[in-house]
Amino acid sequence: MPSLQSVLPPELANNAIRLYRECLRRAKYIGHRQHNTELLIAMVRQQFKKNMHETDPEKIQKLKDDAARGLINHILYESEKMSGRKFSKST
C-alpha cells in the first residue's frame, strides 16, 4: 500500500518533528474554533510522546501515515466547508 504521506509536502512527510508541529498547529486551529484547544494539544502531544521511542521502521511509517491521514482529513474537511463542495465519498 502506498504511503499516505505522498500527498503531503516531502519536507513535512519525511520529518517527524515537522509532522508533529503541523499536527499541533491543526490542533490549535481546531481547538480555537471549538473552544477545546488545551485538550486537543494534549492529545497530539500524548500520541507523539507515547511513540517517541519506537524503533521499528514499519511501525514508525504506520504512525506517520496515521498522522498524515489526520492532517489530510482535516484539510479536506476545511476545503469542503469553504467551497461548499464534497471531496470525499460518503458511505
# chains A, B, ... in the order shown; residues from 1 in each chain; ligands from 1

call {"tool": "select_by_dssp", "arguments": {"residues": "region 18-64 of chain A", "states": "alpha helix (DSSP H)", "output": "PyMOL selection string"}}
result
chain A and resi 18-34+37-50+57-64

call {"tool": "closest_residue", "arguments": {"among": "A:Lys49, A:Arg26, A:Arg33, A:Lys62", "to": "Ile75 (chain A)", "atoms": "only C-alpha atoms"}}
result
A:Arg26

call {"tool": "atom_distance", "arguments": {"atom1": "CA of Gln61 (chain A)", "atom2": "CA of Phe48 (chain A)"}}
result
13.2 Å

call {"tool": "residues_around", "arguments": {"residues": "Gly70 (chain A)", "least_positions_apart": "4", "cutoff": "12 Å", "atoms": "only C-alpha atoms", "output": "short mmCIF file (atom, residue, chain, number, x, y, z; two decimals) with C-alpha atoms, in the first residue's frame"}}
result
data_model
loop_
_atom_site.label_atom_id
_atom_site.label_comp_id
_atom_site.auth_asym_id
_atom_site.auth_seq_id
_atom_site.Cartn_x
_atom_site.Cartn_y
_atom_site.Cartn_z
CA LEU A 4 -0.45 8.45 2.56
CA GLN A 5 2.37 10.88 3.13
CA LEU A 8 1.91 15.95 1.87
CA LEU A 19 4.78 16.48 11.20
CA TYR A 20 4.40 16.94 14.97
CA GLU A 22 1.86 20.66 11.85
CA CYS A 23 -0.36 18.42 13.96
CA LEU A 24 -0.03 20.90 16.83
CA ARG A 26 -4.03 21.98 13.34
CA ALA A 27 -4.96 21.10 16.93
CA VAL A 44 -1.47 15.28 19.99
CA LEU A 63 2.33 6.09 12.80
CA LYS A 64 3.44 8.77 10.35
CA ASP A 65 0.79 7.62 7.88
CA ASP A 66 -1.87 7.85 10.59
CA HIS A 74 -8.83 17.99 8.31
CA ILE A 75 -7.63 19.80 5.20
CA LEU A 76 -10.38 18.12 3.15
CA TYR A 77 -12.99 18.99 5.76
#
